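Structure file protein_24.tsv (TSV, C-alpha atoms) is printed below.
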chain	number	residue	atom	x	y	z
A	1	MET	CA	0.00	0.00	0.00
A	2	VAL	CA	1.33	3.44	-0.94
A	3	SER	CA	1.43	5.93	1.90
A	4	ILE	CA	-0.86	8.93	1.58
A	5	PHE	CA	2.14	11.07	2.46
A	6	THR	CA	4.17	9.83	-0.51
A	7	ALA	CA	4.26	12.25	-3.42
A	8	PRO	CA	2.54	10.84	-6.52
A	9	LEU	CA	4.79	9.93	-9.42
A	10	ALA	CA	5.02	12.34	-12.34
A	11	THR	CA	4.10	11.19	-15.82
A	12	PRO	CA	6.20	11.68	-18.97
A	13	ALA	CA	3.46	13.98	-20.23
A	14	GLN	CA	3.91	16.23	-17.19
A	15	LEU	CA	7.64	16.48	-17.84
A	16	SER	CA	7.15	17.29	-21.53
A	17	THR	CA	4.50	19.93	-20.81
A	18	SER	CA	6.01	21.53	-17.72
A	19	PRO	CA	4.95	25.06	-16.73
A	20	SER	CA	8.36	26.34	-17.87
A	21	GLN	CA	7.89	24.94	-21.37
A	22	GLN	CA	4.33	26.23	-21.49
A	23	SER	CA	5.67	29.71	-20.67
A	24	GLY	CA	8.00	29.56	-23.67
A	25	ILE	CA	11.24	28.11	-22.25
A	26	PRO	CA	12.60	25.44	-24.62
A	27	GLU	CA	13.09	21.96	-23.17
A	28	SER	CA	16.86	22.08	-23.80
A	29	LEU	CA	17.17	25.35	-21.85
A	30	GLU	CA	15.04	23.97	-19.02
A	31	GLN	CA	17.31	20.92	-18.79
A	32	LYS	CA	20.42	23.12	-18.63
A	33	LEU	CA	18.95	25.19	-15.82
A	34	HIS	CA	17.92	22.09	-13.88
A	35	LEU	CA	21.45	20.76	-14.20
A	36	VAL	CA	22.87	24.04	-12.89
A	37	ALA	CA	20.51	23.89	-9.92
A	38	CYS	CA	21.62	20.33	-9.12
A	39	ARG	CA	25.28	21.31	-9.30
A	40	LEU	CA	24.79	24.34	-7.10
A	41	ILE	CA	22.95	22.30	-4.46
A	42	GLN	CA	25.54	19.53	-4.60
A	43	ALA	CA	28.45	21.98	-4.32
A	44	ALA	CA	26.83	23.92	-1.46
A	45	GLY	CA	26.04	20.68	0.37
A	46	ILE	CA	29.61	19.49	0.10
A	47	LEU	CA	30.99	22.80	1.38
A	48	MET	CA	28.60	22.68	4.33
A	49	GLU	CA	29.43	19.00	4.99
A	50	LEU	CA	25.81	17.95	4.63
A	51	PRO	CA	24.98	14.25	4.18
A	52	GLN	CA	24.02	13.11	0.69
A	53	PRO	CA	20.38	12.36	1.65
A	54	THR	CA	19.95	16.03	2.59
A	55	ILE	CA	21.40	17.14	-0.74
A	56	ALA	CA	19.31	14.63	-2.69
A	57	THR	CA	16.15	15.70	-0.85
A	58	ALA	CA	16.75	19.32	-1.84
A	59	ILE	CA	17.17	18.38	-5.51
A	60	VAL	CA	13.99	16.28	-5.56
A	61	LEU	CA	12.01	19.05	-3.83
A	62	LEU	CA	13.21	21.54	-6.44
A	63	GLN	CA	12.29	19.22	-9.31
A	64	ARG	CA	8.82	18.65	-7.85
A	65	TYR	CA	8.31	22.37	-7.39
A	66	TYR	CA	9.07	23.14	-11.03
A	67	LEU	CA	6.42	20.63	-12.06
A	68	THR	CA	3.93	23.15	-10.73
A	69	THR	CA	5.72	26.47	-11.28
A	70	SER	CA	7.53	28.03	-14.21
A	71	LEU	CA	11.13	29.18	-14.08
A	72	THR	CA	9.89	32.57	-15.26
A	73	ALA	CA	7.60	32.86	-12.22
A	74	SER	CA	10.13	31.62	-9.67
A	75	PRO	CA	13.77	32.46	-10.51
A	76	LEU	CA	16.20	29.59	-10.28
A	77	LEU	CA	18.77	30.96	-7.85
A	78	GLN	CA	16.41	31.87	-5.02
A	79	THR	CA	14.45	28.62	-5.50
A	80	THR	CA	17.63	26.56	-5.35
A	81	LEU	CA	18.68	28.28	-2.15
A	82	ALA	CA	15.23	27.83	-0.57
A	83	SER	CA	15.06	24.14	-1.56
A	84	LEU	CA	18.33	23.39	0.20
A	85	TYR	CA	17.31	25.44	3.23
A	86	LEU	CA	14.04	23.52	3.49
A	87	SER	CA	15.80	20.20	3.03
A	88	THR	CA	18.23	20.86	5.88
A	89	LYS	CA	15.29	21.32	8.23
A	90	LEU	CA	13.40	18.28	6.97
A	91	THR	CA	16.43	16.02	7.44
A	92	GLU	CA	17.37	17.47	10.83
A	93	HIS	CA	20.57	19.14	9.60
A	94	SER	CA	19.26	22.67	9.91
A	95	GLN	CA	21.55	25.49	8.79
A	96	LYS	CA	21.48	29.22	9.43
A	97	PRO	CA	20.18	31.35	6.55
A	98	ARG	CA	23.35	33.47	6.67
A	99	ASP	CA	25.58	30.44	6.15
A	100	LEU	CA	23.58	29.31	3.13
A	101	ILE	CA	23.50	32.79	1.62
A	102	ASN	CA	27.25	33.18	2.09
A	103	ILE	CA	27.94	29.78	0.50
A	104	PHE	CA	25.83	30.55	-2.58
A	105	LYS	CA	27.42	34.00	-2.86
A	106	TYR	CA	30.83	32.33	-2.86
A	107	LEU	CA	29.81	29.72	-5.46
A	108	LEU	CA	28.80	32.50	-7.85
A	109	SER	CA	31.86	34.67	-7.18
A	110	PRO	CA	35.00	34.81	-9.35
A	111	THR	CA	36.84	32.80	-6.67
A	112	SER	CA	34.55	29.81	-7.13
A	113	PRO	CA	35.66	26.72	-9.10
A	114	LEU	CA	32.28	26.95	-10.85
A	115	HIS	CA	33.14	30.38	-12.29
A	116	PRO	CA	34.55	30.42	-15.85
A	117	PRO	CA	38.27	31.29	-15.72
A	118	HIS	CA	38.15	33.25	-18.99
A	119	LEU	CA	35.64	35.71	-17.46
A	120	ARG	CA	37.83	36.62	-14.52
A	121	HIS	CA	39.28	40.09	-14.54
A	122	LYS	CA	42.81	40.89	-13.46
A	123	ASP	CA	41.40	43.04	-10.66
A	124	ASP	CA	39.47	40.02	-9.36
A	125	GLU	CA	42.62	37.87	-9.37
A	126	THR	CA	44.56	40.56	-7.49
A	127	THR	CA	41.77	40.93	-4.93
A	128	GLU	CA	41.52	37.16	-4.61
A	129	ARG	CA	45.18	36.94	-3.62
A	130	LYS	CA	44.73	39.67	-1.02
A	131	SER	CA	41.37	38.72	0.48
A	132	ASN	CA	38.91	36.20	-0.87
A	133	LYS	CA	36.13	37.48	1.37
A	134	SER	CA	35.93	40.83	-0.39
A	135	LEU	CA	34.58	39.07	-3.51
A	136	TYR	CA	31.68	37.31	-1.81
A	137	TYR	CA	30.99	39.25	1.38
A	138	VAL	CA	27.27	39.95	1.90
A	139	PRO	CA	26.62	43.32	3.58
A	140	GLU	CA	24.07	43.38	6.38
A	141	GLY	CA	21.48	45.28	4.35
A	142	ASP	CA	21.75	42.85	1.42
A	143	TYR	CA	21.62	39.90	3.80
A	144	THR	CA	18.36	41.12	5.37
A	145	ALA	CA	16.74	41.38	1.93
A	146	LEU	CA	18.08	37.98	0.83
A	147	ARG	CA	16.93	36.32	4.04
A	148	SER	CA	13.42	37.72	3.57
A	149	LEU	CA	13.40	36.46	-0.02
A	150	LEU	CA	14.66	33.05	1.13
A	151	LEU	CA	11.86	32.64	3.67
A	152	SER	CA	9.14	33.79	1.27
A	153	THR	CA	10.40	31.41	-1.44
A	154	GLU	CA	10.44	28.55	1.06
A	155	ALA	CA	6.79	29.30	1.84
A	156	LYS	CA	5.97	29.30	-1.90
A	157	ILE	CA	7.58	25.86	-2.29
A	158	LEU	CA	5.62	24.47	0.64
A	159	ARG	CA	2.33	25.80	-0.70
A	160	ALA	CA	3.04	24.51	-4.21
A	161	LEU	CA	3.80	21.02	-2.85
A	162	GLY	CA	0.71	21.04	-0.65
A	163	PHE	CA	3.08	20.73	2.35
A	164	ASN	CA	3.84	17.16	1.20
A	165	THR	CA	7.59	17.22	1.68
A	166	THR	CA	8.16	13.48	2.11
A	167	VAL	CA	11.04	12.34	-0.10
A	168	ASN	CA	11.85	8.63	-0.25
A	169	LEU	CA	15.38	7.99	-1.48
A	170	PRO	CA	16.91	4.75	-2.83
A	171	TYR	CA	20.22	4.77	-0.92
A	172	THR	CA	19.15	2.78	2.15
A	173	LEU	CA	17.12	0.38	0.00
A	174	ALA	CA	20.12	-0.26	-2.24
A	175	PHE	CA	22.33	-1.12	0.73
A	176	ASN	CA	19.68	-3.44	2.17
A	177	TYR	CA	19.22	-5.16	-1.19
A	178	LEU	CA	22.98	-5.73	-1.50
A	179	GLN	CA	23.00	-7.29	1.94
A	180	SER	CA	20.06	-9.52	1.02
A	181	LEU	CA	21.87	-10.67	-2.13
A	182	GLY	CA	24.81	-11.77	0.02
A	183	VAL	CA	27.45	-9.86	-1.92
A	184	LEU	CA	28.55	-7.85	1.11
A	185	THR	CA	29.14	-10.86	3.35
A	186	SER	CA	32.70	-11.25	4.59
A	187	THR	CA	34.41	-14.38	3.29
A	188	SER	CA	37.13	-14.40	5.88
A	189	THR	CA	38.36	-12.55	8.91
A	190	PRO	CA	40.23	-9.32	8.29
A	191	THR	CA	43.94	-9.78	7.64
A	192	LYS	CA	46.78	-7.37	8.18
A	193	THR	CA	48.28	-5.67	5.15
A	194	PRO	CA	52.05	-4.96	4.89
A	195	ASP	CA	51.55	-1.47	6.31
A	196	GLY	CA	49.86	-2.90	9.41
A	197	SER	CA	46.28	-1.89	8.59
A	198	LEU	CA	43.41	-4.36	8.38
A	199	SER	CA	42.18	-5.42	4.97
A	200	ASN	CA	38.52	-4.95	4.03
A	201	PRO	CA	36.68	-8.19	4.79
A	202	LEU	CA	33.88	-7.48	2.31
A	203	GLN	CA	33.66	-9.56	-0.83
A	204	HIS	CA	33.07	-6.51	-2.99
A	205	ASP	CA	34.04	-3.44	-1.04
A	206	LYS	CA	33.48	-1.00	-3.96
A	207	LEU	CA	30.03	-2.23	-4.85
A	208	VAL	CA	28.22	0.07	-2.41
A	209	SER	CA	30.14	3.21	-3.39
A	210	THR	CA	29.62	2.53	-7.11
A	211	THR	CA	25.91	1.92	-6.60
A	212	PHE	CA	25.59	5.16	-4.62
A	213	ALA	CA	27.56	7.02	-7.30
A	214	TYR	CA	25.09	5.94	-9.97
A	215	LEU	CA	22.15	6.99	-7.80
A	216	THR	CA	23.73	10.38	-7.12
A	217	ASP	CA	24.49	11.02	-10.81
A	218	LEU	CA	20.90	10.12	-11.59
A	219	LEU	CA	19.73	13.18	-9.65
A	220	SER	CA	21.06	15.36	-12.48
A	221	SER	CA	19.53	13.30	-15.28
A	222	PRO	CA	17.41	15.28	-17.76
A	223	SER	CA	14.86	12.45	-17.49
A	224	GLN	CA	14.19	13.37	-13.82
A	225	VAL	CA	13.55	9.71	-13.01
A	226	TYR	CA	13.43	10.47	-9.27
A	227	LEU	CA	10.01	11.96	-10.07
A	228	THR	CA	8.78	9.19	-12.39
A	229	HIS	CA	10.03	6.00	-10.71
A	230	HIS	CA	9.82	4.44	-7.26
A	231	PRO	CA	12.94	4.35	-5.02
A	232	HIS	CA	13.14	0.53	-5.10
A	233	GLU	CA	13.33	0.63	-8.92
A	234	LEU	CA	16.17	3.16	-8.82
A	235	ALA	CA	18.00	1.09	-6.21
A	236	VAL	CA	17.79	-2.07	-8.33
A	237	ALA	CA	19.06	-0.24	-11.42
A	238	GLY	CA	22.03	1.18	-9.50
A	239	ILE	CA	22.93	-2.28	-8.17
A	240	TYR	CA	22.58	-3.83	-11.64
A	241	LEU	CA	25.09	-1.42	-13.21
A	242	ALA	CA	27.49	-1.51	-10.26
A	243	ALA	CA	27.52	-5.33	-10.35
A	244	ARG	CA	28.30	-5.26	-14.08
A	245	ASP	CA	31.09	-2.73	-13.60
A	246	HIS	CA	32.81	-4.90	-10.97
A	247	GLY	CA	32.06	-8.27	-12.54
A	248	VAL	CA	29.89	-9.43	-9.64
A	249	LYS	CA	27.62	-12.34	-10.54
A	250	LEU	CA	24.11	-12.08	-9.15
A	251	PRO	CA	21.28	-14.66	-9.23
A	252	GLU	CA	19.20	-14.89	-12.38
A	253	ARG	CA	16.30	-12.42	-12.59
A	254	TRP	CA	17.10	-11.25	-9.07
A	255	TRP	CA	15.36	-7.91	-9.65
A	256	GLU	CA	11.98	-9.68	-9.69
A	257	VAL	CA	12.35	-10.31	-5.96
A	258	TRP	CA	11.77	-6.60	-5.46
A	259	ASP	CA	8.94	-6.38	-7.98
A	260	VAL	CA	10.88	-4.59	-10.71
A	261	GLU	CA	9.92	-5.38	-14.29
A	262	ARG	CA	12.62	-6.10	-16.85
A	263	GLU	CA	11.41	-3.27	-19.11
A	264	THR	CA	11.59	-0.77	-16.24
A	265	LEU	CA	15.08	-1.94	-15.33
A	266	GLY	CA	16.20	-1.67	-18.95
A	267	PHE	CA	14.91	1.89	-19.25
A	268	LEU	CA	16.64	3.01	-16.06
A	269	VAL	CA	19.91	1.39	-17.11
A	270	VAL	CA	19.81	3.31	-20.40
A	271	VAL	CA	19.12	6.56	-18.52
A	272	MET	CA	21.98	5.90	-16.09
A	273	ARG	CA	24.39	5.07	-18.89
A	274	GLY	CA	23.32	8.22	-20.71
A	275	GLY	CA	24.55	10.39	-17.84
A	276	THR	CA	23.70	14.06	-17.36
A	277	TYR	CA	23.43	16.92	-19.82
A	278	THR	CA	26.87	18.13	-20.86
A	279	ALA	CA	27.95	20.73	-23.35
A	280	ALA	CA	29.86	19.66	-26.42
A	281	SER	CA	33.13	20.54	-24.68
A	282	GLY	CA	32.10	18.63	-21.57
A	283	LYS	CA	32.29	21.53	-19.09
A	284	VAL	CA	29.57	23.80	-17.72
A	285	TRP	CA	30.44	27.05	-15.91
A	286	ILE	CA	27.93	28.97	-13.80
A	287	VAL	CA	27.47	32.73	-13.37
A	288	GLU	CA	24.59	34.72	-11.93
A	289	GLU	CA	24.27	37.44	-14.56
A	290	GLY	CA	25.43	37.51	-18.15
A	291	VAL	CA	24.68	35.78	-21.43
A	292	PHE	CA	24.82	32.12	-22.37
A	293	GLU	CA	28.12	31.51	-24.07
A	294	GLU	CA	29.89	28.54	-25.63
A	295	ARG	CA	33.67	28.42	-25.87
A	296	ASP	CA	36.41	25.87	-26.28
A	297	GLY	CA	36.77	25.85	-22.50
A	298	GLY	CA	33.14	24.99	-21.90
A	299	GLU	CA	29.67	26.50	-21.82
A	300	VAL	CA	28.74	29.40	-19.54
A	301	ILE	CA	25.21	29.31	-18.13
A	302	ALA	CA	23.88	32.49	-16.51
A	303	ILE	CA	21.07	31.83	-14.04
A	304	GLY	CA	19.81	35.35	-13.29
A	305	PRO	CA	16.22	36.12	-14.40
A	306	ASP	CA	17.43	38.68	-16.95
A	307	SER	CA	19.95	36.21	-18.35
A	308	VAL	CA	17.27	33.57	-18.90
A	309	GLU	CA	15.01	36.11	-20.61
A	310	ARG	CA	17.87	37.16	-22.91
A	311	GLU	CA	18.60	33.56	-23.83
A	312	MET	CA	14.92	32.90	-24.61
A	313	GLU	CA	14.89	35.99	-26.83
A	314	ARG	CA	18.06	34.84	-28.62
A	315	LEU	CA	16.56	31.38	-29.26
A	316	ARG	CA	13.36	32.94	-30.62
A	317	ASN	CA	15.40	34.99	-33.10
A	318	LEU	CA	17.42	32.06	-34.44
Encoded form (structure tokens):
Amino acid sequence: MVSIFTAPLATPAQLSTSPSQQSGIPESLEQKLHLVACRLIQAAGILMELPQPTIATAIVLLQRYYLTTSLTASPLLQTTLASLYLSTKLTEHSQKPRDLINIFKYLLSPTSPLHPPHLRHKDDETTERKSNKSLYYVPEGDYTALRSLLLSTEAKILRALGFNTTVNLPYTLAFNYLQSLGVLTSTSTPTKTPDGSLSNPLQHDKLVSTTFAYLTDLLSSPSQVYLTHHPHELAVAGIYLAARDHGVKLPERWWEVWDVERETLGFLVVVMRGGTYTAASGKVWIVEEGVFEERDGGEVIAIGPDSVEREMERLRNL
């Protein structure tokens, strides 16, 4: 029985007729902006030492929200910030608004590894050597305005989701399934290595990390399968690919034990193998204001409301 608190799955039709696309944003542009949001949340979570479930919850909340709201009605940057803020409270890793605002300000500053190197000015590089903080310091007046915007955007997300903020993730399920399959059982007692440390007694010690890596990458997939598939289906697909990568033999048709159809598994495997959206050069840089730009060093994606409007106008004139 499905819990009444579990968010209903989205349909492919909902993804292909999202409010953003109905407001005139092309699907390719929407996918780019979703990828940028995922990367910003992931980067901010890592800097704040948040657990992966908190980061994943924020990404899923943001994806659900944009099933009901257009990017033109709710700008990406403030929504990304509010999604992570809400997620930290839901997962009991609450953070102060100032810390989140400072982190996002840093990630969009010239000192950030997400900032395109070719857009840095010499003055920025000189200032960076002297004092990094001067490039991403948030004055008190600006902070008060940003904090107010953060709280109001959080309230908009809650209302749009009908206060249904339950997010079921596949990580714990995947680990439990691996244990049930017996591939994590130790075959012998730990032995000492030449350097004196104990060897890993697991049969396949990298299987869990590879499975989790697939599930984490899947958060950034243009297919948004976290919205269209159940957690147990995602967990099985991650295990399937991880077992293939490490040459681990599993029982025949083992996925049927967890009620996953072969066609569903095949689709998810294709999506996982397809990876995330990447520019032709394989690198995506992020700035707040500016124009979308493609160079040999990568593609620059500007996430400010004016930047998105300019890109839409450029695409209409092509």
Practice task
Could you jot down the CA of Pro12 (chain A) to CA of Ser87 (chain A) separation for me, Å, one decimal place?
Solution key: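 Calculated distance between CA of Pro12 (chain A) and CA of Ser87 (chain A) is 25.5 Å.
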Practice task
Rank nothing, just name the residue among A:Tyr136, A:Tyr177, A:Trp258, A:Phe292 nearest to Arg314 (chain A), using all atoms listed in the file.
Solution key: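 The answer is A:Phe292, which sits nearest to Arg314 (chain A).
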Practice task
Determine, counting all atoms listed in the file, which protein, DNA and RNA residues have an atom within 10 Å of an atom of Met48 (chain A); residues of the same chain fewer than 3 positions away are not included. Present the result as a list in words.
Solution key: Gln42, Ala43, Ala44, Gly45, Pro51, Gln95, Asp99, Leu100 and Ile103 of chain A
Handout entry: Radius query 8 Å about (34.0, -4.0, -9.0), atoms used: only C-alpha atoms, as a ChimeraX atom specification
Key = /A:204-207,242-248
Handout entry: Shell of 12 Å around Asp142 (chain A), all atoms listed in the file, local chain residues under 5 positions omitted, as number ranges by chain
Key = A: 98, 101-102, 105, 136-137, 147-149
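For the residues A:Lys249, A:Thr144, A:Val287, A:Gln179, ranking by smallest atom-to-atom distance to Pro117 (chain A) using only C-alpha atoms places A:Val287 first.
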Practice task
Might you pull out every residue within 12 Å of Pro19 (chain A), with only C-alpha atoms counted and same-chain residues fewer than 6 positions away left off, and present them as an MDAnalysis selection string?
Solution key: chainID A and resid 13 25:27 30 63:74
Handout entry: Given all atoms listed in the file as the counted atoms, nearest of A:Pro116, A:Pro110, A:Gly24, A:Pro170 to Val300 (chain A)
Key =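 For Val300 (chain A), the nearest of the candidates is A:Pro116.
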Problem - Distance of CA of Thr153 (chain A) from CA of Leu81 (chain A), expressed in Å to one decimal place - result: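 Those two atoms sit 8.9 Å apart.
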Handout entry: Between CA of Leu29 (chain A) and CA of Ile286 (chain A) - distance in Å to one decimal
Key = 13.9 Å
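The closest residue to Ile59 (chain A), picked from A:Asp217, A:Glu140, A:Asp296, A:Glu288 and counting all atoms listed in the file, is A:Asp217.
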Practice task
Compare A:Gln22, A:Thr79, A:Thr228, A:Ser223 by their minimum atom-to-atom distance to Lys156 (chain A), counting only C-alpha atoms, and give me the closest one.
Solution key: A:Thr79
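For Glu256 (chain A), the non-local neighbours within 12 Å, defined as residues at least 6 positions apart in the same chain or in other chains and counting all atoms listed in the file, are A:His232, A:Glu233, A:Val236, A:Ala237, A:Arg262, A:Glu263, A:Thr264, A:Leu265.
Nearest residue to Leu47 (chain A), choosing from A:Tyr106, A:Ala145, A:Ile157, A:Gly298 and counting only C-alpha atoms: A:Tyr106.
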Practice task
Give as a VMD selection string the set of residues within 10 Å of the point (20.6, 33.1, -6.2), where distances use the file's coordinates and only C-alpha atoms.
Solution key: chain A and resid 37 40 75 to 82 101 104 to 105 107 to 108 146 150 287 to 288 303 to 305
Just C-alpha atoms for this one: save the residues we selected as a PDB file, in the coordinates of the input.
ATOM      1  CA  ALA A  37      20.510  23.890  -9.920  1.00  0.00           C
ATOM      2  CA  LEU A  40      24.790  24.340  -7.100  1.00  0.00           C
ATOM      3  CA  PRO A  75      13.770  32.460 -10.510  1.00  0.00           C
ATOM      4  CA  LEU A  76      16.200  29.590 -10.280  1.00  0.00           C
ATOM      5  CA  LEU A  77      18.770  30.960  -7.850  1.00  0.00           C
ATOM      6  CA  GLN A  78      16.410  31.870  -5.020  1.00  0.00           C
ATOM      7  CA  THR A  79      14.450  28.620  -5.500  1.00  0.00           C
ATOM      8  CA  THR A  80      17.630  26.560  -5.350  1.00  0.00           C
ATOM      9  CA  LEU A  81      18.680  28.280  -2.150  1.00  0.00           C
ATOM     10  CA  ALA A  82      15.230  27.830  -0.570  1.00  0.00           C
ATOM     11  CA  ILE A 101      23.500  32.790   1.620  1.00  0.00           C
ATOM     12  CA  PHE A 104      25.830  30.550  -2.580  1.00  0.00           C
ATOM     13  CA  LYS A 105      27.420  34.000  -2.860  1.00  0.00           C
ATOM     14  CA  LEU A 107      29.810  29.720  -5.460  1.00  0.00           C
ATOM     15  CA  LEU A 108      28.800  32.500  -7.850  1.00  0.00           C
ATOM     16  CA  LEU A 146      18.080  37.980   0.830  1.00  0.00           C
ATOM     17  CA  LEU A 150      14.660  33.050   1.130  1.00  0.00           C
ATOM     18  CA  VAL A 287      27.470  32.730 -13.370  1.00  0.00           C
ATOM     19  CA  GLU A 288      24.590  34.720 -11.930  1.00  0.00           C
ATOM     20  CA  ILE A 303      21.070  31.830 -14.040  1.00  0.00           C
ATOM     21  CA  GLY A 304      19.810  35.350 -13.290  1.00  0.00           C
ATOM     22  CA  PRO A 305      16.220  36.120 -14.400  1.00  0.00           C
TER      23      PRO A 305
END
